[in-house]
Amino acid sequence: MATVEFGGKSFEVDEDGFIDNFENFCPEWIQHVKKEEGIEELTDEHHKVIDCLQDYYKKNGIAPMVRILSKTTGFKLKYIYELFPSGPGKGACKMAGLPKPTGCV
């Protein structure tokens, strides 16, 4: 595991840059990933996706499939990719502090 420093905090990350433990998630983590992903400003829509991912993860222990994420947020998949250019699995799950998804997110 590597260590990332951002906003006065240290984060252990895996080889793909995902945080080591959901319990270590904090607002500084969002800002770190936002910068990494090249997202200039986080909107309410970004936060809606992040909140949806976290809520689902807390209840089920895994990230939701893409169609569940799309249905829950009311956003079409194309729009989720506009919000998170690297996709719902890589960008959105990473920003939400979830582990790297193993399947099709």
# chains A, B, ... in the order shown; residues from 1 in each chain; ligands from 1
call {"tool": "residues_around", "arguments": {"residues": "Tyr79 of chain A", "least_positions_apart": "6", "cutoff": "10 Å", "atoms": "only C-alpha atoms", "output": "PyMOL selection string"}}
result
chain A and resi 45+70+85
call {"tool": "select_by_dssp", "arguments": {"residues": "chain A", "states": "strand (DSSP E or B)", "output": "list in words"}}
result
Ala2, Thr3, Val4, Glu5, Phe6, Lys9, Ser10, Phe11, Glu12, Val13 and Ile19 of chain A
call {"tool": "write_last_selection", "arguments": {"atoms": "N, CA and C atoms", "output": "PDB file, in the first residue's frame"}}
result
ATOM      1  N   ALA A   2       0.412   2.219  -0.723  1.00  0.00           N
ATOM      2  CA  ALA A   2       1.100   3.510  -0.770  1.00  0.00           C
ATOM      3  C   ALA A   2       0.371   4.483   0.151  1.00  0.00           C
ATOM      4  N   THR A   3       1.033   5.566   0.474  1.00  0.00           N
ATOM      5  CA  THR A   3       0.430   6.604   1.296  1.00  0.00           C
ATOM      6  C   THR A   3       0.299   7.879   0.464  1.00  0.00           C
ATOM      7  N   VAL A   4      -0.870   8.505   0.557  1.00  0.00           N
ATOM      8  CA  VAL A   4      -1.144   9.771  -0.120  1.00  0.00           C
ATOM      9  C   VAL A   4      -1.371  10.820   0.950  1.00  0.00           C
ATOM     10  N   GLU A   5      -0.741  11.966   0.806  1.00  0.00           N
ATOM     11  CA  GLU A   5      -0.941  13.088   1.725  1.00  0.00           C
ATOM     12  C   GLU A   5      -1.778  14.142   1.013  1.00  0.00           C
ATOM     13  N   PHE A   6      -2.837  14.598   1.666  1.00  0.00           N
ATOM     14  CA  PHE A   6      -3.658  15.658   1.079  1.00  0.00           C
ATOM     15  C   PHE A   6      -4.441  16.357   2.180  1.00  0.00           C
ATOM     16  N   LYS A   9      -4.000  15.353   5.788  1.00  0.00           N
ATOM     17  CA  LYS A   9      -4.360  13.980   6.158  1.00  0.00           C
ATOM     18  C   LYS A   9      -3.515  13.004   5.349  1.00  0.00           C
ATOM     19  N   SER A  10      -3.341  11.827   5.904  1.00  0.00           N
ATOM     20  CA  SER A  10      -2.650  10.742   5.215  1.00  0.00           C
ATOM     21  C   SER A  10      -3.647   9.634   4.918  1.00  0.00           C
ATOM     22  N   PHE A  11      -3.553   9.085   3.719  1.00  0.00           N
ATOM     23  CA  PHE A  11      -4.449   8.013   3.308  1.00  0.00           C
ATOM     24  C   PHE A  11      -3.633   6.856   2.754  1.00  0.00           C
ATOM     25  N   GLU A  12      -3.946   5.656   3.188  1.00  0.00           N
ATOM     26  CA  GLU A  12      -3.357   4.458   2.600  1.00  0.00           C
ATOM     27  C   GLU A  12      -4.219   4.103   1.395  1.00  0.00           C
ATOM     28  N   VAL A  13      -3.557   3.871   0.256  1.00  0.00           N
ATOM     29  CA  VAL A  13      -4.292   3.553  -0.971  1.00  0.00           C
ATOM     30  C   VAL A  13      -3.711   2.303  -1.618  1.00  0.00           C
ATOM     31  N   ILE A  19      -8.916   4.193  -1.582  1.00  0.00           N
ATOM     32  CA  ILE A  19      -8.633   4.272  -0.151  1.00  0.00           C
ATOM     33  C   ILE A  19      -8.701   2.862   0.460  1.00  0.00           C
TER      34      ILE A  19
END
call {"tool": "closest_residue", "arguments": {"among": "A:Gly61, A:Gly97, A:Gly89, A:Gly74", "to": "Gln31 of chain A", "atoms": "only C-alpha atoms"}}
result
A:Gly97
call {"tool": "closest_residue", "arguments": {"among": "A:Lys35, A:Ile30, A:Leu98, A:Phe18", "to": "Ile62 of chain A", "atoms": "only C-alpha atoms"}}
result
A:Leu98
call {"tool": "residues_around", "arguments": {"residues": "Lys76 of chain A", "least_positions_apart": "5", "cutoff": "12 Å", "atoms": "only C-alpha atoms", "output": "list in words"}}
result
Glu45, Val49, Val66, Arg67, Ile68, Leu69, Ser70, Lys71, Tyr81, Glu82, Leu83 and Pro88 of chain A
call {"tool": "write_last_selection", "arguments": {"atoms": "C-alpha atoms", "output": "PDB file, in the first residue's frame"}}
result
ATOM      1  CA  GLU A  45     -25.368  15.963  -8.653  1.00  0.00           C
ATOM      2  CA  VAL A  49     -24.066  10.002  -6.723  1.00  0.00           C
ATOM      3  CA  VAL A  66     -24.624   0.705 -12.786  1.00  0.00           C
ATOM      4  CA  ARG A  67     -28.307   0.255 -13.519  1.00  0.00           C
ATOM      5  CA  ILE A  68     -29.125   0.423  -9.796  1.00  0.00           C
ATOM      6  CA  LEU A  69     -27.017   3.572  -9.441  1.00  0.00           C
ATOM      7  CA  SER A  70     -28.744   5.095 -12.455  1.00  0.00           C
ATOM      8  CA  LYS A  71     -32.214   4.143 -11.221  1.00  0.00           C
ATOM      9  CA  TYR A  81     -19.889   9.621 -17.034  1.00  0.00           C
ATOM     10  CA  GLU A  82     -20.116  13.378 -17.596  1.00  0.00           C
ATOM     11  CA  LEU A  83     -19.958  13.906 -13.830  1.00  0.00           C
ATOM     12  CA  PRO A  88     -18.901   5.221 -11.983  1.00  0.00           C
TER      13      PRO A  88
END
call {"tool": "atom_distance", "arguments": {"atom1": "atom CA of Val33 of chain A", "atom2": "atom CA of Gly8 of chain A"}}
result
14.6 Å
call {"tool": "select_by_dssp", "arguments": {"residues": "segment 5-79 of chain A", "states": "helix (DSSP H, G or I)", "output": "number ranges by chain"}}
result
A: 22-24, 27-37, 44-60, 66-73, 77-79
call {"tool": "write_last_selection", "arguments": {"atoms": "C-alpha atoms", "output": "mmCIF file, in the first residue's frame"}}
result
data_model
loop_
_atom_site.group_PDB
_atom_site.id
_atom_site.type_symbol
_atom_site.label_atom_id
_atom_site.label_comp_id
_atom_site.auth_asym_id
_atom_site.auth_seq_id
_atom_site.Cartn_x
_atom_site.Cartn_y
_atom_site.Cartn_z
ATOM 1 C CA PHE A 22 -14.222 3.039 3.953
ATOM 2 C CA GLU A 23 -13.913 4.040 7.622
ATOM 3 C CA ASN A 24 -11.045 6.377 6.633
ATOM 4 C CA PRO A 27 -14.086 15.395 3.100
ATOM 5 C CA GLU A 28 -10.366 15.720 2.374
ATOM 6 C CA TRP A 29 -10.520 12.425 0.500
ATOM 7 C CA ILE A 30 -13.204 13.832 -1.811
ATOM 8 C CA GLN A 31 -11.018 16.860 -2.530
ATOM 9 C CA HIS A 32 -8.006 14.644 -3.252
ATOM 10 C CA VAL A 33 -9.916 12.470 -5.747
ATOM 11 C CA LYS A 34 -11.598 15.515 -7.280
ATOM 12 C CA LYS A 35 -8.169 16.919 -8.091
ATOM 13 C CA GLU A 36 -6.949 13.550 -9.403
ATOM 14 C CA GLU A 37 -9.999 13.187 -11.621
ATOM 15 C CA ASP A 44 -25.169 18.669 -5.980
ATOM 16 C CA GLU A 45 -25.368 15.963 -8.653
ATOM 17 C CA HIS A 46 -21.854 14.740 -7.787
ATOM 18 C CA HIS A 47 -22.837 14.583 -4.131
ATOM 19 C CA LYS A 48 -26.065 12.745 -4.973
ATOM 20 C CA VAL A 49 -24.066 10.002 -6.723
ATOM 21 C CA ILE A 50 -21.523 9.852 -3.876
ATOM 22 C CA ASP A 51 -24.268 9.663 -1.239
ATOM 23 C CA CYS A 52 -26.096 6.955 -3.191
ATOM 24 C CA LEU A 53 -22.923 4.879 -3.505
ATOM 25 C CA GLN A 54 -22.126 5.228 0.187
ATOM 26 C CA ASP A 55 -25.669 4.426 1.328
ATOM 27 C CA TYR A 56 -25.778 1.303 -0.841
ATOM 28 C CA TYR A 57 -22.326 0.227 0.341
ATOM 29 C CA LYS A 58 -23.259 0.679 4.005
ATOM 30 C CA LYS A 59 -26.343 -1.520 3.528
ATOM 31 C CA ASN A 60 -24.884 -4.170 1.202
ATOM 32 C CA VAL A 66 -24.624 0.705 -12.786
ATOM 33 C CA ARG A 67 -28.307 0.255 -13.519
ATOM 34 C CA ILE A 68 -29.125 0.423 -9.796
ATOM 35 C CA LEU A 69 -27.017 3.572 -9.441
ATOM 36 C CA SER A 70 -28.744 5.095 -12.455
ATOM 37 C CA LYS A 71 -32.214 4.143 -11.221
ATOM 38 C CA THR A 72 -31.578 5.366 -7.667
ATOM 39 C CA THR A 73 -30.110 8.715 -8.693
ATOM 40 C CA LEU A 77 -25.422 6.467 -17.384
ATOM 41 C CA LYS A 78 -24.144 8.970 -19.946
ATOM 42 C CA TYR A 79 -24.680 11.788 -17.430
#
call {"tool": "atom_distance", "arguments": {"atom1": "atom CA of Gly7 of chain A", "atom2": "atom CA of Asn21 of chain A"}}
result
18.0 Å
